[in-house]
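What follows is the content of start_12.txt, which has compact mmCIF, N, CA and C atoms:
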```txt
# COMPACT_ATOMS: atom_id res chain seq x y z
N MET A 1 54.27 -19.56 33.58
CA MET A 1 53.98 -19.28 32.19
C MET A 1 52.98 -18.13 32.11
N LEU A 2 53.24 -17.20 31.20
CA LEU A 2 52.37 -16.05 31.04
C LEU A 2 51.23 -16.36 30.09
N THR A 3 50.10 -15.70 30.32
CA THR A 3 48.96 -15.79 29.42
C THR A 3 49.38 -15.22 28.06
N PRO A 4 48.92 -15.81 26.97
CA PRO A 4 49.28 -15.26 25.65
C PRO A 4 48.93 -13.77 25.56
N GLY A 5 49.84 -13.01 24.97
CA GLY A 5 49.64 -11.57 24.82
C GLY A 5 50.23 -10.76 25.96
N ILE A 6 50.47 -11.38 27.10
CA ILE A 6 51.09 -10.68 28.22
C ILE A 6 52.60 -10.89 28.11
N ARG A 7 53.35 -9.79 28.25
CA ARG A 7 54.80 -9.91 28.18
C ARG A 7 55.45 -9.24 29.38
N ARG A 8 56.56 -9.79 29.78
CA ARG A 8 57.35 -9.20 30.87
C ARG A 8 58.16 -8.05 30.31
N GLY A 9 58.38 -7.06 31.15
CA GLY A 9 59.19 -5.93 30.74
C GLY A 9 59.50 -5.05 31.93
N TYR A 10 59.85 -3.80 31.65
CA TYR A 10 60.25 -2.84 32.67
C TYR A 10 59.62 -1.50 32.38
N TRP A 11 59.01 -0.90 33.39
CA TRP A 11 58.40 0.42 33.25
C TRP A 11 59.36 1.42 33.87
N CYS A 12 59.76 2.40 33.07
CA CYS A 12 60.73 3.40 33.48
C CYS A 12 60.05 4.77 33.51
N GLU A 13 60.32 5.51 34.56
CA GLU A 13 59.78 6.86 34.68
C GLU A 13 60.86 7.82 35.14
N CYS A 14 60.70 9.08 34.77
CA CYS A 14 61.57 10.14 35.25
C CYS A 14 60.70 11.23 35.86
N TRP A 15 61.04 11.62 37.09
CA TRP A 15 60.33 12.67 37.81
C TRP A 15 61.33 13.70 38.31
N THR A 16 60.90 14.95 38.38
CA THR A 16 61.69 15.99 39.03
C THR A 16 60.96 16.44 40.28
N GLU A 17 61.74 16.87 41.25
CA GLU A 17 61.16 17.31 42.52
C GLU A 17 61.97 18.49 43.04
N ASP A 18 61.28 19.52 43.47
CA ASP A 18 61.91 20.67 44.11
C ASP A 18 62.20 20.27 45.55
N VAL A 19 63.48 20.16 45.92
CA VAL A 19 63.82 19.68 47.27
C VAL A 19 63.43 20.68 48.36
N THR A 20 63.13 21.92 47.99
CA THR A 20 62.70 22.90 48.98
C THR A 20 61.22 22.73 49.31
N GLY A 21 60.50 21.95 48.49
CA GLY A 21 59.09 21.71 48.73
C GLY A 21 58.17 22.80 48.21
N ARG A 22 58.70 23.76 47.47
CA ARG A 22 57.88 24.86 46.95
C ARG A 22 56.99 24.43 45.79
N GLN A 23 57.38 23.34 45.09
CA GLN A 23 56.59 22.86 43.97
C GLN A 23 56.36 21.37 44.12
N GLU A 24 55.27 20.91 43.53
CA GLU A 24 54.95 19.48 43.53
C GLU A 24 55.91 18.74 42.60
N PRO A 25 56.15 17.46 42.87
CA PRO A 25 56.94 16.67 41.91
C PRO A 25 56.28 16.71 40.53
N ALA A 26 57.10 16.66 39.50
CA ALA A 26 56.59 16.75 38.13
C ALA A 26 57.06 15.54 37.31
N PHE A 27 56.11 14.94 36.63
CA PHE A 27 56.42 13.84 35.72
C PHE A 27 57.11 14.39 34.50
N VAL A 28 58.21 13.76 34.07
CA VAL A 28 58.96 14.24 32.91
C VAL A 28 58.78 13.32 31.71
N ALA A 29 58.98 12.02 31.93
CA ALA A 29 58.92 11.09 30.79
C ALA A 29 58.77 9.66 31.29
N SER A 30 58.35 8.78 30.37
CA SER A 30 58.28 7.35 30.69
C SER A 30 58.75 6.56 29.48
N PHE A 31 59.08 5.31 29.75
CA PHE A 31 59.62 4.45 28.70
C PHE A 31 59.30 3.01 29.07
N ASP A 32 58.85 2.22 28.11
CA ASP A 32 58.64 0.80 28.37
C ASP A 32 59.76 0.02 27.71
N ALA A 33 60.43 -0.80 28.49
CA ALA A 33 61.57 -1.56 28.01
C ALA A 33 61.28 -3.05 28.09
N ASP A 34 61.87 -3.80 27.20
CA ASP A 34 61.70 -5.25 27.20
C ASP A 34 62.77 -5.97 28.00
N THR A 35 63.94 -5.34 28.17
CA THR A 35 65.06 -6.01 28.82
C THR A 35 65.74 -5.07 29.82
N PRO A 36 66.49 -5.63 30.78
CA PRO A 36 67.25 -4.76 31.69
C PRO A 36 68.23 -3.82 30.95
N PRO A 37 68.95 -4.29 29.92
CA PRO A 37 69.83 -3.35 29.22
C PRO A 37 69.09 -2.19 28.56
N GLN A 38 67.89 -2.45 28.03
CA GLN A 38 67.09 -1.35 27.46
C GLN A 38 66.68 -0.37 28.56
N ALA A 39 66.28 -0.90 29.70
CA ALA A 39 65.79 -0.05 30.80
C ALA A 39 66.90 0.83 31.35
N ASP A 40 68.03 0.23 31.75
CA ASP A 40 69.08 1.08 32.31
C ASP A 40 69.78 1.88 31.22
N GLY A 41 69.68 1.43 29.97
CA GLY A 41 70.23 2.20 28.86
C GLY A 41 69.50 3.52 28.65
N TRP A 42 68.20 3.52 28.95
CA TRP A 42 67.42 4.77 28.84
C TRP A 42 67.97 5.80 29.81
N VAL A 43 68.25 5.37 31.05
CA VAL A 43 68.81 6.28 32.04
C VAL A 43 70.21 6.71 31.61
N GLU A 44 70.99 5.77 31.12
CA GLU A 44 72.36 6.07 30.71
C GLU A 44 72.40 7.16 29.64
N VAL A 45 71.57 7.04 28.62
CA VAL A 45 71.56 8.01 27.53
C VAL A 45 71.23 9.41 28.06
N VAL A 46 70.24 9.49 28.93
CA VAL A 46 69.85 10.79 29.48
C VAL A 46 70.97 11.37 30.34
N LEU A 47 71.55 10.54 31.22
CA LEU A 47 72.62 11.05 32.08
C LEU A 47 73.82 11.53 31.28
N ARG A 48 74.20 10.77 30.27
CA ARG A 48 75.34 11.20 29.45
C ARG A 48 75.04 12.52 28.72
N ALA A 49 73.78 12.71 28.35
CA ALA A 49 73.40 13.93 27.65
C ALA A 49 73.40 15.16 28.57
N ILE A 50 73.01 14.98 29.82
CA ILE A 50 72.89 16.15 30.70
C ILE A 50 74.13 16.44 31.54
N THR A 51 75.06 15.50 31.65
CA THR A 51 76.21 15.72 32.53
C THR A 51 77.00 17.00 32.23
N PRO A 52 77.15 17.43 30.98
CA PRO A 52 77.90 18.68 30.76
C PRO A 52 77.24 19.91 31.39
N MET A 53 75.94 19.83 31.70
CA MET A 53 75.22 20.98 32.25
C MET A 53 75.10 20.94 33.77
N LEU A 54 75.60 19.88 34.40
CA LEU A 54 75.43 19.71 35.84
C LEU A 54 76.53 20.39 36.64
N ASP A 55 76.20 20.79 37.89
CA ASP A 55 77.23 21.30 38.78
C ASP A 55 78.12 20.14 39.22
N ALA A 56 79.19 20.42 39.94
CA ALA A 56 80.19 19.41 40.28
C ALA A 56 79.61 18.23 41.07
N ASP A 57 78.75 18.52 42.06
CA ASP A 57 78.18 17.43 42.86
C ASP A 57 77.25 16.54 42.03
N ALA A 58 76.38 17.15 41.27
CA ALA A 58 75.46 16.37 40.43
C ALA A 58 76.22 15.59 39.36
N TYR A 59 77.25 16.21 38.80
CA TYR A 59 78.10 15.55 37.82
C TYR A 59 78.72 14.28 38.43
N ASP A 60 79.24 14.40 39.64
CA ASP A 60 79.83 13.24 40.32
C ASP A 60 78.79 12.16 40.59
N GLN A 61 77.58 12.55 40.98
CA GLN A 61 76.51 11.57 41.21
C GLN A 61 76.19 10.82 39.93
N ALA A 62 76.10 11.55 38.83
CA ALA A 62 75.77 10.93 37.55
C ALA A 62 76.85 9.95 37.12
N TRP A 63 78.09 10.36 37.15
CA TRP A 63 79.18 9.49 36.70
C TRP A 63 79.44 8.35 37.67
N ASP A 64 79.13 8.54 38.95
CA ASP A 64 79.25 7.44 39.90
C ASP A 64 78.30 6.31 39.51
N TRP A 65 77.06 6.67 39.13
CA TRP A 65 76.13 5.63 38.70
C TRP A 65 76.59 5.04 37.37
N LEU A 66 76.98 5.88 36.43
CA LEU A 66 77.37 5.39 35.10
C LEU A 66 78.53 4.40 35.16
N TYR A 67 79.51 4.67 36.02
CA TYR A 67 80.70 3.83 36.04
C TYR A 67 80.74 2.78 37.14
N ASP A 68 80.08 3.04 38.26
CA ASP A 68 80.19 2.10 39.38
C ASP A 68 78.89 1.40 39.75
N LYS A 69 77.78 2.09 39.69
CA LYS A 69 76.53 1.53 40.21
C LYS A 69 75.58 0.99 39.14
N ARG A 70 75.87 1.26 37.89
CA ARG A 70 74.97 0.77 36.84
C ARG A 70 74.90 -0.75 36.85
N ILE A 71 76.01 -1.42 37.11
CA ILE A 71 76.02 -2.88 37.14
C ILE A 71 75.11 -3.39 38.27
N ASP A 72 75.07 -2.68 39.39
CA ASP A 72 74.17 -3.07 40.49
C ASP A 72 72.72 -2.93 40.06
N THR A 73 72.42 -1.87 39.32
CA THR A 73 71.07 -1.68 38.80
C THR A 73 70.70 -2.82 37.86
N ARG A 74 71.60 -3.16 36.98
CA ARG A 74 71.33 -4.25 36.03
C ARG A 74 71.09 -5.56 36.77
N ARG A 75 71.91 -5.87 37.76
CA ARG A 75 71.73 -7.12 38.52
C ARG A 75 70.39 -7.14 39.23
N ALA A 76 70.01 -6.01 39.83
CA ALA A 76 68.73 -5.93 40.54
C ALA A 76 67.58 -6.16 39.57
N LEU A 77 67.63 -5.56 38.39
CA LEU A 77 66.56 -5.73 37.41
C LEU A 77 66.47 -7.18 36.95
N ILE A 78 67.60 -7.81 36.72
CA ILE A 78 67.61 -9.22 36.33
C ILE A 78 66.96 -10.08 37.41
N ASN A 79 67.14 -9.68 38.67
CA ASN A 79 66.55 -10.40 39.79
C ASN A 79 65.11 -9.98 40.09
N GLY A 80 64.54 -9.13 39.23
CA GLY A 80 63.15 -8.72 39.40
C GLY A 80 62.92 -7.66 40.45
N GLU A 81 63.95 -6.91 40.80
CA GLU A 81 63.83 -5.87 41.82
C GLU A 81 63.71 -4.49 41.17
N PRO A 82 62.92 -3.59 41.75
CA PRO A 82 62.84 -2.22 41.22
C PRO A 82 64.10 -1.45 41.58
N CYS A 83 64.39 -0.40 40.81
CA CYS A 83 65.59 0.41 41.04
C CYS A 83 65.28 1.89 40.88
N THR A 84 66.10 2.70 41.51
CA THR A 84 66.03 4.14 41.30
C THR A 84 67.43 4.69 41.08
N VAL A 85 67.49 5.76 40.31
CA VAL A 85 68.73 6.50 40.08
C VAL A 85 68.36 7.95 40.34
N THR A 86 69.14 8.63 41.19
CA THR A 86 68.81 10.00 41.56
C THR A 86 70.02 10.90 41.41
N VAL A 87 69.78 12.09 40.86
CA VAL A 87 70.79 13.13 40.75
C VAL A 87 70.15 14.42 41.24
N THR A 88 70.86 15.14 42.11
CA THR A 88 70.33 16.41 42.62
C THR A 88 71.21 17.55 42.13
N GLN A 89 70.57 18.49 41.44
CA GLN A 89 71.23 19.67 40.89
C GLN A 89 70.60 20.88 41.56
N ALA A 90 71.37 21.60 42.37
CA ALA A 90 70.86 22.75 43.12
C ALA A 90 69.62 22.32 43.93
N ASP A 91 68.45 22.89 43.64
CA ASP A 91 67.23 22.55 44.39
C ASP A 91 66.36 21.52 43.67
N ILE A 92 66.85 20.94 42.61
CA ILE A 92 66.04 20.00 41.83
C ILE A 92 66.63 18.59 41.92
N ARG A 93 65.77 17.66 42.32
CA ARG A 93 66.14 16.25 42.36
C ARG A 93 65.47 15.56 41.17
N VAL A 94 66.27 14.88 40.37
CA VAL A 94 65.75 14.12 39.24
C VAL A 94 65.88 12.64 39.61
N THR A 95 64.75 11.92 39.52
CA THR A 95 64.74 10.51 39.89
C THR A 95 64.19 9.68 38.74
N TRP A 96 64.95 8.67 38.36
CA TRP A 96 64.51 7.68 37.39
C TRP A 96 64.16 6.43 38.17
N THR A 97 63.00 5.86 37.91
CA THR A 97 62.62 4.59 38.52
C THR A 97 62.44 3.56 37.42
N ILE A 98 62.83 2.33 37.73
CA ILE A 98 62.66 1.22 36.80
C ILE A 98 62.04 0.08 37.60
N ARG A 99 60.88 -0.40 37.12
CA ARG A 99 60.17 -1.47 37.82
C ARG A 99 59.85 -2.61 36.87
N PRO A 100 60.08 -3.84 37.32
CA PRO A 100 59.63 -4.98 36.51
C PRO A 100 58.10 -4.98 36.46
N VAL A 101 57.54 -5.23 35.29
CA VAL A 101 56.09 -5.24 35.11
C VAL A 101 55.69 -6.34 34.14
N ARG A 102 54.41 -6.53 34.03
CA ARG A 102 53.83 -7.37 32.98
C ARG A 102 52.94 -6.47 32.14
N PHE A 103 53.26 -6.39 30.87
CA PHE A 103 52.50 -5.54 29.97
C PHE A 103 51.32 -6.33 29.41
N LEU A 104 50.16 -5.70 29.48
CA LEU A 104 48.95 -6.29 28.91
C LEU A 104 48.76 -5.76 27.50
N PRO A 105 48.25 -6.58 26.60
CA PRO A 105 48.00 -6.07 25.24
C PRO A 105 46.86 -5.05 25.27
N LEU A 106 46.95 -4.05 24.45
CA LEU A 106 45.90 -3.05 24.35
C LEU A 106 44.91 -3.45 23.27
N ALA A 107 43.66 -3.10 23.50
CA ALA A 107 42.64 -3.38 22.49
C ALA A 107 42.83 -2.41 21.33
N HIS A 108 42.57 -2.84 20.16
CA HIS A 108 42.61 -1.97 18.99
C HIS A 108 41.42 -2.30 18.10
N ARG A 109 41.17 -1.50 17.10
CA ARG A 109 39.98 -1.65 16.27
C ARG A 109 40.26 -2.35 14.95
N GLN A 110 41.46 -2.76 14.72
CA GLN A 110 41.78 -3.39 13.44
C GLN A 110 41.35 -4.85 13.46
N ALA A 111 40.55 -5.23 12.49
CA ALA A 111 40.12 -6.63 12.30
C ALA A 111 39.39 -7.18 13.52
N VAL A 112 38.67 -6.32 14.22
CA VAL A 112 37.93 -6.75 15.39
C VAL A 112 36.48 -6.30 15.24
N GLN A 113 35.57 -7.19 15.52
CA GLN A 113 34.15 -6.84 15.50
C GLN A 113 33.81 -6.19 16.84
N LEU A 114 33.48 -4.91 16.81
CA LEU A 114 33.14 -4.19 18.04
C LEU A 114 31.69 -4.46 18.41
N PRO A 115 31.36 -4.35 19.70
CA PRO A 115 29.98 -4.56 20.11
C PRO A 115 29.06 -3.49 19.53
N ALA A 116 27.79 -3.82 19.39
CA ALA A 116 26.81 -2.90 18.79
C ALA A 116 26.68 -1.60 19.57
N CYS A 117 26.89 -1.62 20.87
CA CYS A 117 26.71 -0.42 21.70
C CYS A 117 27.75 0.66 21.41
N VAL A 118 28.81 0.34 20.68
CA VAL A 118 29.84 1.33 20.40
C VAL A 118 29.27 2.53 19.64
N ASP A 119 28.23 2.32 18.84
CA ASP A 119 27.62 3.42 18.09
C ASP A 119 26.73 4.29 18.96
N ASP A 120 26.40 3.82 20.17
CA ASP A 120 25.56 4.60 21.07
C ASP A 120 26.33 5.70 21.79
N PHE A 121 27.63 5.60 21.82
CA PHE A 121 28.45 6.56 22.54
C PHE A 121 28.54 7.87 21.74
N LYS A 122 28.19 8.96 22.38
CA LYS A 122 28.29 10.28 21.76
C LYS A 122 29.19 11.14 22.65
N PRO A 123 30.34 11.58 22.13
CA PRO A 123 31.24 12.40 22.96
C PRO A 123 30.61 13.75 23.29
N HIS A 124 30.94 14.25 24.47
CA HIS A 124 30.45 15.56 24.91
C HIS A 124 31.33 16.65 24.30
N ARG A 125 30.68 17.76 23.98
CA ARG A 125 31.45 18.90 23.50
C ARG A 125 31.82 19.76 24.70
N PRO A 126 33.06 20.25 24.73
CA PRO A 126 33.45 21.14 25.85
C PRO A 126 32.70 22.46 25.79
N TYR A 127 32.41 23.02 26.94
CA TYR A 127 31.68 24.29 27.01
C TYR A 127 32.64 25.44 26.91
```
Output the structure of this file as structure tokens.
Amino acid sequence: MLTPGIRRGYWCECWTEDVTGRQEPAFVASFDADTPPQADGWVEVVLRAITPMLDADAYDQAWDWLYDKRIDTRRALINGEPCTVTVTQADIRVTWTIRPVRFLPLAHRQAVQLPACVDDFKPHRPY
């Protein structure tokens, strides 16, 4: 049983990487999903959107996941296992990762009595 306010979900990220090693991997986007269909659906939407721009090999990689391997991803997520989906276009590798997580509630200022010390904080001005 989870502590109140904590919920199970899936953390999804997309990274690009130059396979030649000339550039560092770059973070592209993230998404928090509540269910396996939401998580793998995020990857599906992006892959369907970019497939017309991919070369033949990358196109085949994308559609292979969409039609054959997506069900394996869904099963793994249901079983609490992390997953990756990768497509390589020329020198760029795009990788989506999906990991089961527990989301913690974030603090907010609505209807909450903040501690007295909050007024002592003075932000620094940039030079």
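As for atom CA of A:Asp68 and atom CA of A:Val43, they are spaced 14.2 Å apart.
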Could you give me, as a PyMOL selection string, the residues within 12 Å of A:Asp18, counting only C-alpha atoms and dropping anything in the same chain fewer than 3 positions from it?
chain A and resi 15+21-26+88-95
Expected file: the selected residues, N, CA and C atoms, as an mmCIF file, in the frame of the given file:
```cif
data_model
loop_
_atom_site.group_PDB
_atom_site.id
_atom_site.type_symbol
_atom_site.label_atom_id
_atom_site.label_comp_id
_atom_site.auth_asym_id
_atom_site.auth_seq_id
_atom_site.Cartn_x
_atom_site.Cartn_y
_atom_site.Cartn_z
ATOM 1 N N TRP A 15 61.040 11.620 37.090
ATOM 2 C CA TRP A 15 60.330 12.670 37.810
ATOM 3 C C TRP A 15 61.330 13.700 38.310
ATOM 4 N N GLY A 21 60.500 21.950 48.490
ATOM 5 C CA GLY A 21 59.090 21.710 48.730
ATOM 6 C C GLY A 21 58.170 22.800 48.210
ATOM 7 N N ARG A 22 58.700 23.760 47.470
ATOM 8 C CA ARG A 22 57.880 24.860 46.950
ATOM 9 C C ARG A 22 56.990 24.430 45.790
ATOM 10 N N GLN A 23 57.380 23.340 45.090
ATOM 11 C CA GLN A 23 56.590 22.860 43.970
ATOM 12 C C GLN A 23 56.360 21.370 44.120
ATOM 13 N N GLU A 24 55.270 20.910 43.530
ATOM 14 C CA GLU A 24 54.950 19.480 43.530
ATOM 15 C C GLU A 24 55.910 18.740 42.600
ATOM 16 N N PRO A 25 56.150 17.460 42.870
ATOM 17 C CA PRO A 25 56.940 16.670 41.910
ATOM 18 C C PRO A 25 56.280 16.710 40.530
ATOM 19 N N ALA A 26 57.100 16.660 39.500
ATOM 20 C CA ALA A 26 56.590 16.750 38.130
ATOM 21 C C ALA A 26 57.060 15.540 37.310
ATOM 22 N N THR A 88 70.860 15.140 42.110
ATOM 23 C CA THR A 88 70.330 16.410 42.620
ATOM 24 C C THR A 88 71.210 17.550 42.130
ATOM 25 N N GLN A 89 70.570 18.490 41.440
ATOM 26 C CA GLN A 89 71.230 19.670 40.890
ATOM 27 C C GLN A 89 70.600 20.880 41.560
ATOM 28 N N ALA A 90 71.370 21.600 42.370
ATOM 29 C CA ALA A 90 70.860 22.750 43.120
ATOM 30 C C ALA A 90 69.620 22.320 43.930
ATOM 31 N N ASP A 91 68.450 22.890 43.640
ATOM 32 C CA ASP A 91 67.230 22.550 44.390
ATOM 33 C C ASP A 91 66.360 21.520 43.670
ATOM 34 N N ILE A 92 66.850 20.940 42.610
ATOM 35 C CA ILE A 92 66.040 20.000 41.830
ATOM 36 C C ILE A 92 66.630 18.590 41.920
ATOM 37 N N ARG A 93 65.770 17.660 42.320
ATOM 38 C CA ARG A 93 66.140 16.250 42.360
ATOM 39 C C ARG A 93 65.470 15.560 41.170
ATOM 40 N N VAL A 94 66.270 14.880 40.370
ATOM 41 C CA VAL A 94 65.750 14.120 39.240
ATOM 42 C C VAL A 94 65.880 12.640 39.610
ATOM 43 N N THR A 95 64.750 11.920 39.520
ATOM 44 C CA THR A 95 64.740 10.510 39.890
ATOM 45 C C THR A 95 64.190 9.680 38.740
#
```
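Distances from A:Gly9, A:Leu54, A:Ile71, A:Glu44 to A:Asp32 were compared using only C-alpha atoms, and the smallest one belongs to A:Gly9.
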- request: Please provide as a list in words all residues within 8 Å of stretch 46-48 of chain A, with the sequence filter that same-chain residues fewer than 6 positions apart are discarded (counting all atoms listed in the file).
  value: Asp40, Ala62, Trp63 and Leu66 of chain A
List every residue of stretch 4-49 of chain A that DSSP, applied to the backbone of this structure, places in strand (DSSP E or B), and write the result as a CSV table (one decimal) with N, CA and C atoms, in the frame of the given file.
```csv
chain,number,residue,atom,x,y,z
A,7,ARG,N,53.4,-9.8,28.2
A,7,ARG,CA,54.8,-9.9,28.2
A,7,ARG,C,55.4,-9.2,29.4
A,8,ARG,N,56.6,-9.8,29.8
A,8,ARG,CA,57.4,-9.2,30.9
A,8,ARG,C,58.2,-8.0,30.3
A,9,GLY,N,58.4,-7.1,31.2
A,9,GLY,CA,59.2,-5.9,30.7
A,9,GLY,C,59.5,-5.0,31.9
A,10,TYR,N,59.8,-3.8,31.6
A,10,TYR,CA,60.2,-2.8,32.7
A,10,TYR,C,59.6,-1.5,32.4
A,11,TRP,N,59.0,-0.9,33.4
A,11,TRP,CA,58.4,0.4,33.2
A,11,TRP,C,59.4,1.4,33.9
A,12,CYS,N,59.8,2.4,33.1
A,12,CYS,CA,60.7,3.4,33.5
A,12,CYS,C,60.0,4.8,33.5
A,13,GLU,N,60.3,5.5,34.6
A,13,GLU,CA,59.8,6.9,34.7
A,13,GLU,C,60.9,7.8,35.1
A,14,CYS,N,60.7,9.1,34.8
A,14,CYS,CA,61.6,10.1,35.2
A,14,CYS,C,60.7,11.2,35.9
A,15,TRP,N,61.0,11.6,37.1
A,15,TRP,CA,60.3,12.7,37.8
A,15,TRP,C,61.3,13.7,38.3
A,16,THR,N,60.9,15.0,38.4
A,16,THR,CA,61.7,16.0,39.0
A,16,THR,C,61.0,16.4,40.3
A,17,GLU,N,61.7,16.9,41.2
A,17,GLU,CA,61.2,17.3,42.5
A,17,GLU,C,62.0,18.5,43.0
A,18,ASP,N,61.3,19.5,43.5
A,18,ASP,CA,61.9,20.7,44.1
A,18,ASP,C,62.2,20.3,45.6
A,26,ALA,N,57.1,16.7,39.5
A,26,ALA,CA,56.6,16.8,38.1
A,26,ALA,C,57.1,15.5,37.3
A,27,PHE,N,56.1,14.9,36.6
A,27,PHE,CA,56.4,13.8,35.7
A,27,PHE,C,57.1,14.4,34.5
A,28,VAL,N,58.2,13.8,34.1
A,28,VAL,CA,59.0,14.2,32.9
A,28,VAL,C,58.8,13.3,31.7
A,29,ALA,N,59.0,12.0,31.9
A,29,ALA,CA,58.9,11.1,30.8
A,29,ALA,C,58.8,9.7,31.3
A,30,SER,N,58.4,8.8,30.4
A,30,SER,CA,58.3,7.4,30.7
A,30,SER,C,58.8,6.6,29.5
A,31,PHE,N,59.1,5.3,29.8
A,31,PHE,CA,59.6,4.4,28.7
A,31,PHE,C,59.3,3.0,29.1
A,32,ASP,N,58.8,2.2,28.1
A,32,ASP,CA,58.6,0.8,28.4
A,32,ASP,C,59.8,0.0,27.7
A,33,ALA,N,60.4,-0.8,28.5
A,33,ALA,CA,61.6,-1.6,28.0
A,33,ALA,C,61.3,-3.0,28.1
```
Hey, can you check how far atom N of A:Arg74 sits from atom N of A:Ala39?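 If I compute the distance from atom N of A:Arg74 to atom N of A:Ala39, I get 9.3 Å.
Here atom CA of A:Cys14 stands at a distance of 13.0 Å from atom N of A:Gly41.
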With distances taken over only C-alpha atoms, which residue among A:Thr3, A:Thr86, A:Thr97, A:Thr51 lies nearest A:Phe31?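 Looking at the shortest contact to A:Phe31, the residue is A:Thr97.
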